[in-house]
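Have a look at final_12.cif; it's mmCIF, C-alpha atoms and all ligand atoms:
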data_entry
loop_
_atom_site.label_atom_id
_atom_site.label_comp_id
_atom_site.auth_asym_id
_atom_site.auth_seq_id
_atom_site.Cartn_x
_atom_site.Cartn_y
_atom_site.Cartn_z
CA MET A 1 96.56 83.12 116.50
CA SER A 2 96.42 82.00 112.88
CA VAL A 3 99.28 82.58 110.46
CA VAL A 4 97.09 84.91 108.37
CA LYS A 5 96.30 87.05 111.40
CA MET A 6 99.89 87.28 112.51
CA SER A 7 101.34 88.22 109.15
CA VAL A 8 98.61 90.72 108.23
CA GLY A 9 98.89 92.39 111.64
CA LYS A 10 102.65 92.60 111.44
CA ASN A 11 102.65 93.84 107.84
CA LEU A 12 100.10 96.53 108.70
CA ALA A 13 102.23 97.70 111.61
CA ASP A 14 105.26 97.89 109.30
CA VAL A 15 103.41 99.85 106.62
CA ARG A 16 101.99 102.27 109.20
CA ALA A 17 105.46 102.82 110.69
CA ARG A 18 106.91 103.53 107.24
CA MET A 19 104.06 105.97 106.48
CA ALA A 20 104.63 107.76 109.76
CA ARG A 21 108.33 108.09 108.99
CA ALA A 22 107.60 109.45 105.53
CA GLU A 23 105.24 112.03 107.08
CA VAL A 24 107.95 113.17 109.49
CA VAL A 25 110.66 113.30 106.82
CA SER A 26 108.50 115.45 104.56
CA GLY A 27 107.24 117.74 107.31
CA ARG A 28 103.64 116.60 107.04
CA ALA A 29 101.37 116.27 110.06
CA PRO A 30 101.11 112.82 111.66
CA GLY A 31 98.16 111.03 110.11
CA ALA A 32 98.05 113.39 107.10
CA ALA A 33 97.99 110.36 104.80
CA ALA A 34 95.37 107.62 105.19
CA LEU A 35 96.06 103.97 104.42
CA ILE A 36 93.68 102.05 102.15
CA ALA A 37 94.23 98.30 102.43
CA VAL A 38 93.66 96.95 98.92
CA SER A 39 91.77 93.71 99.44
CA LYS A 40 91.07 92.64 95.84
CA THR A 41 91.39 88.83 95.50
CA ARG A 42 91.65 88.49 99.31
CA SER A 43 89.35 86.34 101.41
CA VAL A 44 86.94 87.63 104.02
CA GLU A 45 89.19 85.96 106.61
CA GLU A 46 92.19 88.00 105.47
CA ILE A 47 90.11 91.19 105.49
CA GLU A 48 88.88 90.44 109.01
CA ALA A 49 92.47 89.90 110.14
CA ALA A 50 93.21 93.45 108.95
CA ILE A 51 90.07 94.82 110.66
CA ASN A 52 91.12 93.14 113.88
CA ALA A 53 94.50 94.83 113.54
CA GLY A 54 92.72 98.20 113.46
CA GLN A 55 92.44 98.75 109.69
CA LYS A 56 89.31 100.68 108.64
CA LEU A 57 89.75 101.70 104.98
CA PHE A 58 89.58 99.04 102.27
CA GLY A 59 89.96 99.27 98.50
CA GLU A 60 88.50 96.97 95.86
CA ASN A 61 88.85 97.28 92.11
CA ARG A 62 85.78 95.36 90.98
CA VAL A 63 82.22 96.21 91.92
CA GLN A 64 81.07 92.57 91.71
CA GLU A 65 83.80 91.25 93.97
CA ALA A 66 83.23 93.99 96.53
CA ALA A 67 79.48 93.28 96.43
CA ARG A 68 80.16 89.66 97.35
CA LYS A 69 82.44 90.41 100.31
CA PHE A 70 81.56 93.76 101.85
CA PRO A 71 77.86 94.10 102.61
CA ALA A 72 78.15 91.46 105.37
CA LEU A 73 81.42 92.92 106.63
CA LYS A 74 79.90 96.41 106.78
CA LEU A 75 77.05 95.10 108.91
CA ARG A 76 79.45 93.51 111.37
CA TYR A 77 81.96 96.36 111.36
CA PRO A 78 79.94 99.53 110.69
CA ASP A 79 82.93 101.87 110.83
CA ILE A 80 84.85 100.37 107.92
CA GLU A 81 85.02 102.48 104.76
CA LEU A 82 85.00 101.03 101.25
CA HIS A 83 86.87 102.61 98.31
CA LEU A 84 86.44 101.76 94.62
CA ILE A 85 89.89 102.05 93.02
CA GLY A 86 89.28 100.19 89.75
CA PRO A 87 87.46 101.06 86.53
CA LEU A 88 83.72 101.60 86.69
CA GLN A 89 81.21 100.67 83.98
CA SER A 90 78.12 102.86 83.80
CA ASN A 91 75.83 99.81 84.18
CA LYS A 92 77.44 99.28 87.62
CA ALA A 93 76.92 102.87 88.78
CA ARG A 94 73.83 102.00 90.82
CA GLU A 95 75.57 99.25 92.75
CA ALA A 96 78.73 101.34 93.16
CA VAL A 97 76.87 104.33 94.63
CA GLY A 98 75.07 102.02 97.04
CA LEU A 99 78.18 100.20 98.21
CA PHE A 100 81.21 102.50 98.13
CA ASP A 101 82.08 105.45 100.36
CA VAL A 102 84.72 106.83 97.99
CA ILE A 103 85.06 106.32 94.21
CA HIS A 104 88.59 107.02 92.91
CA SER A 105 88.00 106.17 89.25
CA VAL A 106 85.70 108.79 87.71
CA ASP A 107 87.29 108.96 84.27
CA ARG A 108 84.75 109.89 81.58
CA GLU A 109 81.60 111.87 80.98
CA LYS A 110 79.34 108.82 80.73
CA ILE A 111 80.40 107.70 84.23
CA ALA A 112 79.98 111.18 85.67
CA VAL A 113 76.44 111.33 84.28
CA ALA A 114 75.55 107.85 85.60
CA LEU A 115 76.97 108.61 89.05
CA GLY A 116 75.18 111.94 89.25
CA LYS A 117 71.87 110.30 88.40
CA GLU A 118 72.32 107.49 90.93
CA MET A 119 73.46 109.82 93.70
CA GLN A 120 70.32 111.85 93.20
CA LEU A 121 68.09 108.75 93.16
CA GLN A 122 69.68 107.09 96.17
CA GLY A 123 70.38 110.21 98.21
CA ARG A 124 73.83 108.80 98.85
CA ARG A 125 76.93 110.88 98.15
CA PRO A 126 80.17 108.95 97.94
CA LEU A 127 83.27 111.15 97.75
CA LEU A 128 84.41 111.34 94.11
CA LEU A 129 87.95 111.50 92.73
CA VAL A 130 88.91 111.82 89.07
CA GLN A 131 91.48 109.35 87.76
CA VAL A 132 94.20 111.04 85.69
CA ASN A 133 96.27 109.14 83.12
CA VAL A 134 99.48 110.88 84.22
CA GLY A 135 101.71 108.91 81.84
CA GLU A 136 99.28 109.41 78.92
CA GLU A 137 99.46 105.65 78.32
CA PRO A 138 96.98 104.50 75.64
CA GLN A 139 96.07 101.26 77.49
CA LYS A 140 95.41 102.99 80.81
CA ALA A 141 92.20 104.48 82.16
CA GLY A 142 92.02 108.10 83.21
CA ILE A 143 91.54 111.60 81.89
CA SER A 144 94.59 113.02 80.14
CA PRO A 145 96.17 115.96 82.00
CA LYS A 146 95.29 118.42 79.23
CA GLU A 147 91.62 117.36 79.21
CA LEU A 148 91.30 117.62 82.99
CA PRO A 149 90.11 121.24 83.35
CA LYS A 150 87.37 120.69 80.77
CA PHE A 151 86.27 117.44 82.41
CA LEU A 152 86.17 119.03 85.86
CA ARG A 153 84.03 121.86 84.47
CA PHE A 154 81.68 119.29 82.95
CA CYS A 155 81.33 117.50 86.31
CA ARG A 156 80.80 120.70 88.25
CA ASP A 157 78.74 122.88 85.91
CA GLU A 158 76.70 120.37 83.93
CA GLN A 159 76.33 117.47 86.37
CA LYS A 160 76.49 119.43 89.66
CA LEU A 161 78.95 116.84 90.92
CA SER A 162 81.42 117.80 93.57
CA ILE A 163 84.88 116.35 92.84
CA ALA A 164 87.11 116.06 95.90
CA GLY A 165 90.45 115.18 94.34
CA LEU A 166 92.57 113.24 91.87
CA MET A 167 93.90 109.70 91.61
CA CYS A 168 96.73 108.26 89.50
CA ILE A 169 98.60 105.05 88.70
CA PRO A 170 102.00 106.05 87.26
CA PRO A 171 103.59 103.97 84.48
CA VAL A 172 105.25 100.81 85.82
CA ASP A 173 109.04 100.64 85.58
CA GLU A 174 109.46 104.40 85.76
CA ALA A 175 110.39 106.57 88.73
CA PRO A 176 107.04 107.60 90.23
CA ALA A 177 108.08 110.94 91.77
CA PRO A 178 107.63 113.11 88.63
CA TYR A 179 104.13 111.65 88.18
CA PHE A 180 103.18 112.26 91.80
CA MET A 181 104.42 115.83 91.41
CA LEU A 182 102.38 116.21 88.22
CA LEU A 183 99.22 115.00 89.99
CA SER A 184 99.86 117.40 92.87
CA ASN A 185 100.35 120.33 90.46
CA LEU A 186 97.19 119.43 88.52
CA ALA A 187 95.22 119.34 91.76
CA ARG A 188 96.52 122.73 92.85
CA GLU A 189 95.85 124.33 89.46
CA ASN A 190 92.29 123.06 89.63
CA GLY A 191 91.56 123.97 93.24
CA LEU A 192 91.48 120.36 94.49
CA THR A 193 93.18 118.97 97.58
CA LEU A 194 92.79 115.18 97.95
CA LEU A 195 95.41 113.07 96.19
CA SER A 196 95.10 109.28 95.88
CA MET A 197 98.51 107.92 94.90
CA GLY A 198 101.15 105.42 95.99
CA MET A 199 101.06 101.62 96.14
CA SER A 200 103.22 98.97 97.83
CA ALA A 201 106.34 99.83 95.85
CA ASP A 202 106.21 103.62 96.16
CA PHE A 203 103.88 104.74 98.94
CA GLU A 204 106.58 106.56 100.92
CA THR A 205 107.39 108.71 97.89
CA ALA A 206 103.68 109.38 97.44
CA VAL A 207 103.38 110.50 101.07
CA GLN A 208 106.28 112.92 100.51
CA PHE A 209 104.48 114.40 97.49
CA GLY A 210 101.29 115.00 99.43
CA ALA A 211 99.17 111.83 99.13
CA ALA A 212 95.97 111.96 101.20
CA TYR A 213 95.25 108.30 100.40
CA ILE A 214 97.79 105.59 99.66
CA ARG A 215 96.52 102.26 98.26
CA VAL A 216 98.51 99.28 99.50
CA GLY A 217 97.79 95.61 98.80
CA THR A 218 100.83 93.36 98.51
CA ALA A 219 102.79 94.91 101.39
CA ILE A 220 99.86 94.11 103.71
CA PHE A 221 98.44 90.83 102.42
CA GLY A 222 101.40 89.32 100.53
CA VAL A 223 101.78 88.56 96.84
CA ARG A 224 98.49 87.98 94.98
CA ASP A 225 97.92 84.63 93.24
C1 LIG B 1 95.91 96.52 93.09
C2 LIG B 1 95.93 98.01 93.18
C3 LIG B 1 96.70 98.65 94.18
C4 LIG B 1 97.57 97.92 95.18
O1 LIG B 1 98.72 97.44 94.56
P1 LIG B 1 99.91 96.76 95.42
O2 LIG B 1 101.09 96.88 94.52
O3 LIG B 1 99.48 95.36 95.68
O4 LIG B 1 100.08 97.54 96.66
C5 LIG B 1 96.63 100.03 94.24
N1 LIG B 1 95.88 100.75 93.37
C6 LIG B 1 95.14 100.17 92.41
C7 LIG B 1 94.33 101.01 91.49
C8 LIG B 1 95.15 98.77 92.28
O5 LIG B 1 94.42 98.21 91.30
#

Before we go any further, please render this structure as structure tokens.
Amino acid sequence: MSVVKMSVGKNLADVRARMARAEVVSGRAPGAAALIAVSKTRSVEEIEAAINAGQKLFGENRVQEAARKFPALKLRYPDIELHLIGPLQSNKAREAVGLFDVIHSVDREKIAVALGKEMQLQGRRPLLLVQVNVGEEPQKAGISPKELPKFLRFCRDEQKLSIAGLMCIPPVDEAPAPYFMLLSNLARENGLTLLSMGMSADFETAVQFGAAYIRVGTAIFGVRD
């Protein structure tokens, strides 16, 4: 077995064990949280090592990169699921709707409009999550918490888009728990259930605060170049 295969398989087993423990500790059902392996910058060989270790959900943050790697992989492994976790430009909406099963980064009206139009045209309905800028950081993507109800109404009433949940990336170098709690409260207040939160450094905390999806790259594939 190659070194890549061994380390990816072992890392995946470790991450899954830590998720399972976090589910038990927080009284959540086994399997309540799903693991997205974030494969941005990773080779097809590394992704296949993860697939061979039983991984089915993958996350990419650029449409172009995903479009290079995943169509062939999806043909060979039809049950893998592809998640867009990075920012989306409206001129990439067509490709994104065609390629991704879940889009975590709906973050402005222009994108909601473009996605709605493409979903209608293509008859394909990826699950949609709204990205929330929980730390209200000027450089970060996402709807601000106070604008969220209005944006959700726009998606639902004007675009007839069904939004399944919320995604966040808390500020780096701050304790993530208050931000995970904020996302969970915002979801409840707005009648949403799916939460996408938690990365390599904080996924156990995210599981405790109700994450449905955690997005883990480094802890599975090693440090990115
Ligand atoms: C890269 C990325 C991740 C994974 O980060 P790691 O720290 O490598 O686990 C998760 N979410 C988003 C949005 C990312 O861009």

Nearby polymer residues, ligand LIG 1 (chain B), at most 10 Å, all atoms listed in the file, as a VMD selection string: chain A and resid 36 to 41 59 to 62 84 to 87 104 to 105 131 167 to 169 196 to 203 214 to 224

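The two atoms in question, atom CA of Val15 of chain A and atom CA of Pro171 of chain A, are spaced 22.5 Å apart.
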
Skip Val8 of chain A itself and residues of its chain fewer than 3 positions away, then list as an mmCIF file with C-alpha atoms, in the frame of the given file all residues within 7 Å of it, counting all atoms listed in the file.
data_model
loop_
_atom_site.group_PDB
_atom_site.id
_atom_site.type_symbol
_atom_site.label_atom_id
_atom_site.label_comp_id
_atom_site.auth_asym_id
_atom_site.auth_seq_id
_atom_site.Cartn_x
_atom_site.Cartn_y
_atom_site.Cartn_z
ATOM 1 C CA VAL A 4 97.090 84.910 108.370
ATOM 2 C CA LYS A 5 96.300 87.050 111.400
ATOM 3 C CA ASN A 11 102.650 93.840 107.840
ATOM 4 C CA LEU A 12 100.100 96.530 108.700
ATOM 5 C CA ALA A 49 92.470 89.900 110.140
ATOM 6 C CA ALA A 50 93.210 93.450 108.950
ATOM 7 C CA ILE A 220 99.860 94.110 103.710
ATOM 8 C CA PHE A 221 98.440 90.830 102.420
#

Contact residues around Gly165 of chain A with all atoms listed in the file at 12 Å, ignoring same-chain residues under 3 positions, as JSON, numbers by chain: {"A": [102, 103, 104, 105, 106, 127, 128, 129, 130, 131, 132, 148, 152, 162, 168, 183, 184, 185, 186, 187, 188, 189, 190, 191, 192, 193, 194, 195, 196, 197, 210, 211, 212, 213]}

Minimum-distance residue to Ala114 of chain A, chosen among A:Lys146, A:Asn133, A:Val3, A:Cys155 (using only C-alpha atoms):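 That would be A:Cys155, the residue with the smallest distance to Ala114 of chain A.
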
Counting all atoms listed in the file, the option among A:Pro126, A:Gly54, A:Pro170, A:Gly31 closest to Gly142 of chain A: A:Pro170

d(atom CA of Leu166 of chain A, atom CA of Pro78 of chain A) in Å: 26.5 Å

For atom CA of Lys10 of chain A and atom CA of Ala22 of chain A, the interatomic separation in Å (one decimal): 18.5 Å
